[in-house]
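**Q** TSV, C-alpha atoms, file coords-v6.tsv:
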```
chain	number	residue	atom	x	y	z
A	1	MET	CA	-69.53	137.55	-82.91
A	2	LEU	CA	-69.87	133.85	-82.14
A	3	TRP	CA	-70.86	133.13	-85.74
A	4	LYS	CA	-67.80	134.94	-87.02
A	5	LYS	CA	-65.59	132.90	-84.72
A	6	ALA	CA	-67.40	129.69	-85.73
A	7	THR	CA	-66.86	130.47	-89.43
A	8	LEU	CA	-63.14	131.15	-88.96
A	9	LEU	CA	-62.71	128.01	-86.87
A	10	GLY	CA	-64.72	126.06	-89.45
A	11	LEU	CA	-62.38	127.19	-92.25
A	12	ALA	CA	-59.33	126.20	-90.21
A	13	GLY	CA	-61.01	122.87	-89.40
A	14	PHE	CA	-61.72	122.24	-93.07
A	15	VAL	CA	-58.05	122.70	-93.98
A	16	LEU	CA	-56.97	120.50	-91.06
A	17	GLY	CA	-59.52	117.85	-92.06
A	18	VAL	CA	-58.28	117.79	-95.65
A	19	LEU	CA	-54.63	117.60	-94.54
A	20	THR	CA	-55.43	114.74	-92.14
A	21	GLY	CA	-57.25	112.99	-94.98
A	22	ILE	CA	-54.20	113.34	-97.23
A	23	GLY	CA	-52.07	111.90	-94.42
A	24	PHE	CA	-54.37	108.90	-94.06
A	25	MET	CA	-54.54	108.47	-97.82
A	26	LEU	CA	-50.76	108.38	-98.12
A	27	ALA	CA	-50.41	105.97	-95.21
A	28	ARG	CA	-53.20	103.52	-95.91
A	29	SER	CA	-54.57	103.85	-99.43
A	30	SER	CA	-53.14	103.32	-102.83
A	31	GLU	CA	-55.88	105.26	-104.64
A	32	GLY	CA	-55.01	108.42	-106.51
A	33	LEU	CA	-55.84	111.95	-105.42
A	34	LYS	CA	-58.72	112.20	-107.93
A	35	ALA	CA	-60.44	109.10	-106.55
A	36	ALA	CA	-59.85	110.25	-102.99
A	37	PHE	CA	-61.22	113.75	-103.62
A	38	PRO	CA	-64.76	113.13	-102.20
A	39	ASN	CA	-63.21	111.56	-99.08
A	40	LEU	CA	-60.92	114.54	-98.63
A	41	ILE	CA	-63.86	116.95	-98.93
A	42	LEU	CA	-65.84	114.94	-96.37
A	43	GLY	CA	-62.80	114.88	-94.08
A	44	GLY	CA	-62.60	118.65	-94.47
A	45	LEU	CA	-66.28	119.04	-93.67
A	46	TYR	CA	-65.85	116.88	-90.56
A	47	GLY	CA	-62.91	119.05	-89.47
A	48	ALA	CA	-64.97	122.18	-90.11
A	49	ALA	CA	-67.92	120.85	-88.07
A	50	VAL	CA	-65.73	119.82	-85.13
A	51	MET	CA	-63.74	123.05	-85.05
A	52	SER	CA	-66.68	125.43	-85.53
A	53	SER	CA	-68.73	123.64	-82.88
A	54	SER	CA	-65.98	124.36	-80.34
A	55	ILE	CA	-67.79	127.69	-79.83
A	56	VAL	CA	-69.90	125.74	-77.32
A	57	TYR	CA	-67.07	126.59	-74.91
A	58	ASP	CA	-67.96	130.26	-75.38
A	59	ILE	CA	-71.60	129.87	-74.35
A	60	GLU	CA	-71.47	131.77	-71.08
A	61	LYS	CA	-74.18	129.85	-69.24
A	62	TRP	CA	-72.69	126.46	-70.01
A	63	SER	CA	-70.41	124.73	-67.52
A	64	ILE	CA	-67.12	123.18	-68.61
A	65	ALA	CA	-68.64	119.69	-68.26
A	66	ARG	CA	-71.67	120.55	-70.40
A	67	ALA	CA	-69.59	122.20	-73.13
A	68	THR	CA	-67.07	119.33	-73.19
A	69	ALA	CA	-69.76	116.64	-73.22
A	70	THR	CA	-71.71	118.40	-75.98
A	71	HIS	CA	-68.62	118.82	-78.13
A	72	PHE	CA	-67.58	115.22	-77.53
A	73	LEU	CA	-71.01	113.85	-78.46
A	74	LEU	CA	-71.06	115.93	-81.63
A	75	SER	CA	-67.54	114.93	-82.70
A	76	PHE	CA	-68.13	111.30	-81.77
A	77	SER	CA	-71.46	110.92	-83.59
A	78	LEU	CA	-70.19	112.66	-86.72
A	79	TYR	CA	-67.07	110.49	-86.69
A	80	PHE	CA	-69.13	107.33	-86.16
A	81	LEU	CA	-71.56	108.14	-89.00
A	82	LEU	CA	-68.97	109.38	-91.46
A	83	VAL	CA	-66.37	106.68	-90.97
A	84	LEU	CA	-68.79	103.78	-91.15
A	85	SER	CA	-70.99	105.15	-93.94
A	86	MET	CA	-68.00	106.01	-96.14
A	87	GLY	CA	-66.34	102.70	-95.40
A	88	TRP	CA	-63.15	104.37	-94.13
A	89	PHE	CA	-62.97	101.87	-91.28
A	90	ARG	CA	-64.90	98.76	-90.33
A	91	LEU	CA	-66.11	98.05	-86.81
A	92	ASP	CA	-63.55	95.27	-86.50
A	93	ASP	CA	-60.71	97.60	-87.52
A	94	PRO	CA	-58.61	98.34	-84.40
A	95	VAL	CA	-57.80	101.83	-85.74
A	96	PHE	CA	-61.51	102.72	-85.51
A	97	TRP	CA	-61.51	101.92	-81.78
A	98	ILE	CA	-58.09	103.45	-81.18
A	99	VAL	CA	-59.35	106.76	-82.62
A	100	ILE	CA	-62.41	106.61	-80.31
A	101	ALA	CA	-60.20	105.82	-77.29
A	102	VAL	CA	-57.90	108.72	-78.17
A	103	MET	CA	-60.94	111.02	-78.52
A	104	VAL	CA	-62.23	109.99	-75.07
A	105	VAL	CA	-58.80	110.54	-73.46
A	106	ILE	CA	-58.39	113.93	-75.14
A	107	TYR	CA	-61.82	115.15	-74.02
A	108	VAL	CA	-61.28	113.93	-70.45
A	109	LEU	CA	-57.92	115.73	-70.40
A	110	VAL	CA	-59.49	118.91	-71.81
A	111	TRP	CA	-62.14	118.87	-69.09
A	112	LEU	CA	-59.60	118.01	-66.36
A	113	PHE	CA	-57.13	120.69	-67.43
A	114	GLN	CA	-59.82	123.39	-67.59
A	115	TYR	CA	-61.41	122.24	-64.33
A	116	LEU	CA	-58.12	122.27	-62.40
A	117	SER	CA	-57.06	125.57	-63.93
A	118	TYR	CA	-60.29	127.35	-62.95
A	119	ARG	CA	-60.39	125.68	-59.53
A	120	ARG	CA	-56.95	127.10	-58.80
A	121	LYS	CA	-58.06	130.57	-59.93
A	122	ILE	CA	-61.22	130.42	-57.80
A	123	ARG	CA	-59.15	129.39	-54.75
A	124	GLU	CA	-56.83	132.35	-55.32
A	125	MET	CA	-59.82	134.67	-55.67
A	126	ASN	CA	-61.37	133.40	-52.44
A	127	HIS	CA	-58.00	133.87	-50.73
A	128	ASP	CA	-57.72	137.46	-52.01
A	129	LEU	CA	-61.30	138.15	-50.97
A	130	LYS	CA	-60.68	136.76	-47.48
A	131	ILE	CA	-57.57	138.91	-47.02
A	132	TRP	CA	-59.34	142.03	-48.21
A	133	LYS	CA	-62.39	141.39	-46.01
A	134	SER	CA	-60.20	140.82	-42.95
A	135	THR	CA	-58.27	144.08	-43.46
A	136	LYS	CA	-61.02	146.51	-44.48
A	137	LYS	CA	-61.86	149.18	-41.96
A	138	GLU	CA	-65.60	149.57	-42.48
A	139	PRO	CA	-68.40	147.06	-43.15
A	140	ASP	CA	-68.46	148.24	-46.74
A	141	ASP	CA	-65.17	149.99	-47.12
A	142	ARG	CA	-64.92	152.35	-50.04
B	14	MET	CA	-91.97	164.16	-33.31
B	15	LYS	CA	-88.48	165.56	-32.85
B	16	ASN	CA	-86.27	165.70	-35.91
B	17	PRO	CA	-83.25	163.53	-35.00
B	18	ILE	CA	-80.90	165.71	-37.01
B	19	ASP	CA	-80.45	169.43	-36.63
B	20	ILE	CA	-79.45	170.93	-39.99
B	21	ARG	CA	-78.00	174.45	-40.07
B	22	ILE	CA	-76.72	176.40	-43.05
B	23	GLU	CA	-74.32	179.31	-42.54
B	24	ILE	CA	-73.74	181.64	-45.46
B	25	ASP	CA	-70.10	182.68	-45.41
B	26	PRO	CA	-68.69	184.67	-48.39
B	27	LYS	CA	-65.18	183.49	-47.46
B	28	CYS	CA	-66.17	179.86	-47.91
B	29	GLN	CA	-65.79	179.15	-51.65
B	30	ASP	CA	-66.35	175.38	-51.35
B	31	PRO	CA	-69.08	174.14	-49.01
B	32	VAL	CA	-67.84	172.67	-45.73
B	33	ILE	CA	-69.99	170.09	-44.01
B	34	LEU	CA	-69.37	169.45	-40.33
B	35	ILE	CA	-71.17	166.67	-38.50
B	36	ARG	CA	-71.15	167.23	-34.76
B	37	THR	CA	-71.99	164.07	-32.86
B	38	ASP	CA	-71.10	162.23	-29.64
B	39	GLN	CA	-70.43	158.96	-31.52
B	40	LYS	CA	-70.10	157.63	-35.06
B	41	THR	CA	-73.33	155.70	-35.51
B	42	GLN	CA	-74.69	153.94	-38.62
B	43	THR	CA	-76.90	156.98	-39.28
B	44	VAL	CA	-73.81	159.19	-39.33
B	45	GLU	CA	-72.10	156.72	-41.69
B	46	ASP	CA	-75.13	156.77	-43.97
B	47	ILE	CA	-75.18	160.57	-44.02
B	48	ILE	CA	-71.49	160.64	-44.94
B	49	HIS	CA	-72.02	158.20	-47.77
B	50	MET	CA	-75.10	160.06	-49.05
B	51	ILE	CA	-73.15	163.34	-49.10
B	52	GLU	CA	-70.26	161.62	-50.84
B	53	ALA	CA	-72.62	160.07	-53.36
B	54	CYS	CA	-74.14	163.49	-54.11
B	55	THR	CA	-70.83	165.30	-54.43
B	56	ASP	CA	-68.52	162.66	-55.83
B	57	SER	CA	-68.98	162.52	-59.60
B	58	SER	CA	-67.19	159.20	-59.71
B	59	TYR	CA	-70.05	157.68	-57.71
B	60	PRO	CA	-73.21	159.18	-59.27
B	61	LEU	CA	-76.53	158.04	-57.88
B	62	ILE	CA	-78.36	155.46	-59.96
B	63	THR	CA	-82.04	155.82	-60.77
B	64	GLY	CA	-84.17	152.83	-59.88
B	65	TYR	CA	-87.91	152.24	-60.10
B	66	ARG	CA	-90.03	150.20	-57.73
B	67	ASP	CA	-93.85	150.16	-57.73
B	68	SER	CA	-93.69	152.99	-60.31
B	69	GLU	CA	-91.83	155.18	-57.80
B	70	MET	CA	-88.43	156.53	-58.65
B	71	GLU	CA	-85.57	156.30	-56.16
B	72	LEU	CA	-81.99	157.44	-56.30
B	73	LEU	CA	-79.74	154.56	-55.32
B	74	SER	CA	-76.30	154.91	-53.82
B	75	GLN	CA	-73.74	152.77	-55.62
B	76	ARG	CA	-72.61	151.59	-52.21
B	77	ASP	CA	-75.99	149.89	-51.67
B	78	ILE	CA	-76.14	148.12	-55.04
B	79	VAL	CA	-75.31	144.41	-54.96
B	80	ARG	CA	-75.88	143.42	-58.59
B	81	VAL	CA	-77.23	144.85	-61.82
B	82	TYR	CA	-78.51	142.19	-64.17
B	83	VAL	CA	-80.74	141.40	-67.11
B	84	GLU	CA	-83.76	139.26	-66.35
B	85	ALA	CA	-86.56	138.62	-68.84
B	86	ARG	CA	-85.13	141.38	-71.05
B	87	LYS	CA	-85.40	143.90	-68.20
B	88	VAL	CA	-82.54	145.47	-66.30
B	89	ARG	CA	-82.87	144.89	-62.55
B	90	ILE	CA	-80.91	146.49	-59.75
B	91	ARG	CA	-80.60	144.42	-56.60
B	92	THR	CA	-79.75	146.52	-53.57
B	93	ILE	CA	-79.54	145.76	-49.88
B	94	ASP	CA	-83.12	147.11	-49.65
B	95	GLY	CA	-84.69	145.13	-52.47
B	96	ILE	CA	-84.95	144.89	-56.23
B	97	TYR	CA	-85.50	147.87	-58.51
B	98	ASP	CA	-85.98	148.17	-62.28
B	99	SER	CA	-83.77	150.33	-64.42
B	100	ARG	CA	-84.89	152.07	-67.59
B	101	LYS	CA	-81.30	152.26	-68.81
B	102	PRO	CA	-79.57	149.41	-70.62
B	103	LEU	CA	-76.85	147.42	-68.89
B	104	SER	CA	-74.23	148.84	-71.24
B	105	PHE	CA	-75.12	152.38	-70.12
B	106	LEU	CA	-75.04	151.48	-66.43
B	107	GLU	CA	-71.63	149.91	-66.97
B	108	THR	CA	-70.30	153.34	-67.97
B	109	VAL	CA	-71.83	155.02	-64.89
B	110	LEU	CA	-71.01	152.48	-62.19
B	111	ASN	CA	-67.61	153.04	-60.64
B	112	THR	CA	-65.03	150.53	-61.84
B	113	ASP	CA	-63.36	150.45	-58.41
B	114	ARG	CA	-66.49	148.83	-57.13
B	115	PHE	CA	-68.30	147.25	-60.06
B	116	ILE	CA	-67.20	144.59	-62.48
B	117	ARG	CA	-68.87	142.75	-65.31
B	118	ILE	CA	-69.18	139.03	-64.71
B	119	SER	CA	-71.16	138.00	-67.80
B	120	ARG	CA	-73.02	139.50	-70.76
B	121	PHE	CA	-76.01	139.80	-68.46
B	122	GLU	CA	-74.61	141.08	-65.21
B	123	ILE	CA	-72.43	143.61	-63.40
B	124	VAL	CA	-71.73	143.10	-59.70
B	125	ASN	CA	-70.47	145.09	-56.75
B	126	ILE	CA	-67.22	143.31	-55.99
B	127	ARG	CA	-67.34	144.56	-52.39
B	128	LYS	CA	-70.60	142.74	-51.78
B	129	ILE	CA	-69.20	139.35	-52.80
B	130	SER	CA	-69.08	136.88	-49.95
B	131	ARG	CA	-67.21	134.10	-51.78
B	132	PHE	CA	-66.76	132.22	-55.02
B	133	ASP	CA	-67.74	128.62	-55.54
B	134	PHE	CA	-66.62	126.24	-58.27
B	135	GLY	CA	-68.56	122.99	-58.66
B	136	MET	CA	-67.53	119.77	-60.35
B	137	ALA	CA	-69.50	120.71	-63.46
B	138	GLY	CA	-67.27	123.74	-63.87
B	139	THR	CA	-69.57	126.69	-63.22
B	140	VAL	CA	-68.28	129.73	-61.34
B	141	HIS	CA	-70.88	130.65	-58.74
B	142	ILE	CA	-70.75	133.94	-56.84
B	143	LEU	CA	-72.32	134.21	-53.39
B	144	PHE	CA	-73.11	137.69	-52.10
B	145	ASP	CA	-73.27	139.11	-48.58
B	146	ASP	CA	-77.06	139.45	-48.86
B	147	GLY	CA	-77.43	135.73	-49.58
B	148	SER	CA	-78.12	136.01	-53.30
B	149	VAL	CA	-76.25	133.82	-55.76
B	150	SER	CA	-75.19	134.34	-59.33
B	151	TRP	CA	-72.77	132.86	-61.84
B	152	ALA	CA	-69.83	134.30	-63.74
B	153	ALA	CA	-68.81	133.54	-67.29
B	154	ARG	CA	-65.39	131.90	-67.37
B	155	ARG	CA	-64.01	134.51	-69.75
B	156	TYR	CA	-64.53	137.20	-67.10
B	157	VAL	CA	-62.68	135.29	-64.35
B	158	ARG	CA	-59.36	136.93	-65.18
B	159	ALA	CA	-60.90	140.41	-64.97
B	160	ILE	CA	-62.51	139.56	-61.61
B	161	GLN	CA	-59.17	138.28	-60.36
B	162	GLN	CA	-57.46	141.53	-61.39
B	163	ALA	CA	-60.18	143.64	-59.75
B	164	LEU	CA	-59.75	141.69	-56.50
B	165	ASN	CA	-56.00	142.21	-56.61
B	166	ARG	CA	-56.60	145.92	-57.16
B	167	ILE	CA	-58.82	146.37	-54.12
B	168	GLU	CA	-56.71	144.05	-51.97
B	169	THR	CA	-53.54	146.01	-52.64
B	170	GLY	CA	-55.44	149.30	-52.38
B	171	LYS	CA	-54.40	150.44	-55.86
B	172	GLU	CA	-57.56	152.42	-56.44
B	173	GLU	CA	-58.18	155.73	-58.07
```
Kindly present the structure from the file in structure tokens form.

**A**
Amino acid sequence: MLWKKATLLGLAGFVLGVLTGIGFMLARSSEGLKAAFPNLILGGLYGAAVMSSSIVYDIEKWSIARATATHFLLSFSLYFLLVLSMGWFRLDDPVFWIVIAVMVVIYVLVWLFQYLSYRRKIREMNHDLKIWKSTKKEPDDR
Amino acid sequence: MKNPIDIRIEIDPKCQDPVILIRTDQKTQTVEDIIHMIEACTDSSYPLITGYRDSEMELLSQRDIVRVYVEARKVRIRTIDGIYDSRKPLSFLETVLNTDRFIRISRFEIVNIRKISRFDFGMAGTVHILFDDGSVSWAARRYVRAIQQALNRIETGKEE
């Protein structure tokens, strides 16, 4: 089941990666589509890897922090390797660092949003449990 | 030794369904237990669950079960009296355990919602469940909504 979901997400990620690559190509590069083809494929593969690996959030035993950190490390290392090895950005290119900063902010927000959302649910559940326990007639009311 | 309970059976042709009368001066825990055992035997929505401990078979009342979980590929039943093994898979037990009382909290576990003491949510983002008997477990996040709904159901008394 997880593999099926990972494959579907990977396909969607590939398309997104290619589209993002085309966007970058149009904005920053003057090379033709034929010359940019390998870069687009690699961009697609990066998108596929990032999207399919989001199934780490479905691993039941993993906490939100562990899943978010794992996904961040995977996305970050792939981005770092791909971008520098393909010469898409240089280390002194501000865009390289801006992308990393945006990634960090997004992942922190993802963790924060999920954490606050579940914390609220758990508080509601404890409240419901407390009310029920205070109103039940027997020690283990049926 | 005197038998603490006097059991009498009256055969009455007019009585189509059995009537059980408990005559007592006060409602003690023993009386409560008897009521629940009779209910467990007669109520098909709460069938007794077979558990094994030290190669002896015991019939467990659903009321006494705290959690049913998979550990080292074996299905265990934790009750207020200890831990038993089950020879049935978790998926089968899920169909037998009453849904008013039991809820799945992960791929590996079904719990008695009435034995939950409280929920805990740490900074890491893991949902811990603390039970009345002191045991602790964790719930998968995707089951949180179902647990919430089950709690609402028992709180508002909308049970079958």

**Q** Pick out the residues sitting within 10 Å of region 85-91 of chain B, and hand them over as a VMD selection string; count only C-alpha atoms, and ignore anything fewer than 2 positions along from it in its own chain.

**A** chain B and resid 62 to 65 73 77 to 83 93 to 103 106 121 to 124 146 148

**Q** Near chain B, which residues of chain A fall within 7 Å when you count all atoms listed in the file, and what do they look like as a PyMOL selection string?

**A** chain A and resi 60-61+63-65+115+119+122+125-126+128-129+132+140

**Q** Could you pull the residues within 8 Å of Leu45 (chain A), counting all atoms listed in the file, minus those fewer than 2 positions along the same chain, as JSON, numbers by chain?

**A** {"A": [13, 14, 17, 41, 42, 43, 47, 48, 49]}

**Q** Is there a way to get, as a PyMOL selection string, all residues within 12 Å of the point (-64.0, 112.7, -88.8) in file coordinates, counting all atoms listed in the file?

**A** chain A and resi 13-14+16-18+20-21+24+39-51+74-86+88-89+96+99-100+103

**Q** Suppose you want the space between CA of Ile51 (chain B) and CA of Gly147 (chain B); what is it in Å?

**A** 27.9 Å

**Q** So how far away is CA of Tyr118 (chain A) from CA of Thr135 (chain A), in Å?

**A**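 These two atoms are separated by 25.8 Å.
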
**Q** Could you state the separation of CA of His71 (chain A) and CA of Tyr57 (chain A) in Å, given to one decimal place?

**A** 8.6 Å

**Q** Excluding Ser52 (chain A) and its own-chain neighbours fewer than 4 positions away, which residues fall within 8 Å of it when counting only C-alpha atoms? Please give them as a PyMOL selection string.

**A** chain A and resi 5-10+13+48

**Q** Mind checking which residues fall within 10 Å of Ile18 (chain B), counting all atoms listed in the file, ignoring those fewer than 5 positions away in the same chain, and posting them as a PyMOL selection string?

**A** chain B and resi 35+37+43-44

**Q** With C-alpha atoms retained, could you export that selection as a PDB file, keeping the file's coordinate frame?

**A**
```pdb
ATOM      1  CA  ILE B  35     -71.170 166.670 -38.500  1.00  0.00           C
ATOM      2  CA  THR B  37     -71.990 164.070 -32.860  1.00  0.00           C
ATOM      3  CA  THR B  43     -76.900 156.980 -39.280  1.00  0.00           C
ATOM      4  CA  VAL B  44     -73.810 159.190 -39.330  1.00  0.00           C
TER       5      VAL B  44
END
```

**Q** Counting all atoms listed in the file, which of A:Leu19, A:Ser53, A:Pro94, A:Thr70 gets nearest to Phe37 (chain A)?

**A**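 Under the stated criterion, the closest residue is A:Leu19.
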
**Q** List the spatial neighbours of region 22-24 of chain B as a PyMOL selection string - criterion: any atom at most 12 Å away, only C-alpha atoms, same-chain residues fewer than 5 positions off excluded.

**A** chain B and resi 29-34

**Q** Can you take the partial region 63-73 of chain A, add all heavy atoms, and return it as a tab-separated table (two decimals), in the coordinates of the input?

**A**
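Written out: part.tsv:
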```
chain	number	residue	atom	x	y	z
A	63	SER	N	-71.56	125.13	-68.35
A	63	SER	CA	-70.41	124.73	-67.52
A	63	SER	C	-69.38	124.05	-68.41
A	63	SER	O	-69.67	123.69	-69.56
A	63	SER	CB	-70.88	123.77	-66.44
A	63	SER	OG	-71.34	122.57	-67.04
A	64	ILE	N	-68.18	123.86	-67.85
A	64	ILE	CA	-67.12	123.18	-68.61
A	64	ILE	C	-67.57	121.77	-68.97
A	64	ILE	O	-67.38	121.31	-70.10
A	64	ILE	CB	-65.82	123.12	-67.77
A	64	ILE	CG1	-65.31	124.53	-67.48
A	64	ILE	CG2	-64.73	122.33	-68.50
A	64	ILE	CD1	-64.16	124.58	-66.48
A	65	ALA	N	-68.20	121.07	-68.02
A	65	ALA	CA	-68.64	119.69	-68.26
A	65	ALA	C	-69.67	119.63	-69.39
A	65	ALA	O	-69.58	118.77	-70.27
A	65	ALA	CB	-69.23	119.12	-66.97
A	66	ARG	N	-70.61	120.56	-69.38
A	66	ARG	CA	-71.67	120.55	-70.40
A	66	ARG	C	-71.09	120.84	-71.79
A	66	ARG	O	-71.42	120.18	-72.76
A	66	ARG	CB	-72.74	121.58	-70.04
A	66	ARG	CG	-73.91	121.54	-70.96
A	66	ARG	CD	-74.99	122.52	-70.54
A	66	ARG	NE	-76.08	122.51	-71.50
A	66	ARG	CZ	-77.11	123.31	-71.44
A	66	ARG	NH1	-77.22	124.18	-70.47
A	66	ARG	NH2	-78.07	123.26	-72.35
A	67	ALA	N	-70.19	121.84	-71.84
A	67	ALA	CA	-69.59	122.20	-73.13
A	67	ALA	C	-68.74	121.04	-73.65
A	67	ALA	O	-68.82	120.69	-74.84
A	67	ALA	CB	-68.74	123.46	-72.97
A	68	THR	N	-67.95	120.43	-72.76
A	68	THR	CA	-67.07	119.33	-73.19
A	68	THR	C	-67.90	118.13	-73.64
A	68	THR	O	-67.61	117.53	-74.68
A	68	THR	CB	-66.12	118.92	-72.04
A	68	THR	OG1	-65.52	120.10	-71.50
A	68	THR	CG2	-65.02	117.99	-72.52
A	69	ALA	N	-68.92	117.80	-72.88
A	69	ALA	CA	-69.76	116.64	-73.22
A	69	ALA	C	-70.48	116.87	-74.54
A	69	ALA	O	-70.54	115.97	-75.39
A	69	ALA	CB	-70.77	116.39	-72.10
A	70	THR	N	-71.00	118.09	-74.74
A	70	THR	CA	-71.71	118.40	-75.98
A	70	THR	C	-70.77	118.28	-77.18
A	70	THR	O	-71.11	117.68	-78.20
A	70	THR	CB	-72.29	119.83	-75.92
A	70	THR	OG1	-73.10	119.94	-74.77
A	70	THR	CG2	-73.09	120.18	-77.15
A	71	HIS	N	-69.58	118.85	-77.03
A	71	HIS	CA	-68.62	118.82	-78.13
A	71	HIS	C	-68.17	117.39	-78.42
A	71	HIS	O	-68.02	116.99	-79.57
A	71	HIS	CB	-67.43	119.72	-77.82
A	71	HIS	CG	-66.63	120.06	-79.03
A	71	HIS	ND1	-65.39	119.51	-79.28
A	71	HIS	CD2	-66.91	120.86	-80.09
A	71	HIS	CE1	-64.95	119.97	-80.43
A	71	HIS	NE2	-65.84	120.79	-80.94
A	72	PHE	N	-67.98	116.62	-77.35
A	72	PHE	CA	-67.58	115.22	-77.53
A	72	PHE	C	-68.67	114.44	-78.26
A	72	PHE	O	-68.38	113.71	-79.23
A	72	PHE	CB	-67.29	114.55	-76.18
A	72	PHE	CG	-67.10	113.07	-76.29
A	72	PHE	CD1	-65.92	112.55	-76.82
A	72	PHE	CD2	-68.10	112.18	-75.92
A	72	PHE	CE1	-65.74	111.18	-76.96
A	72	PHE	CE2	-67.93	110.81	-76.06
A	72	PHE	CZ	-66.74	110.31	-76.58
A	73	LEU	N	-69.91	114.58	-77.82
A	73	LEU	CA	-71.01	113.85	-78.46
A	73	LEU	C	-71.14	114.20	-79.93
A	73	LEU	O	-71.36	113.33	-80.78
A	73	LEU	CB	-72.33	114.13	-77.73
A	73	LEU	CG	-72.48	113.42	-76.38
A	73	LEU	CD1	-73.75	113.87	-75.70
A	73	LEU	CD2	-72.52	111.89	-76.60
```
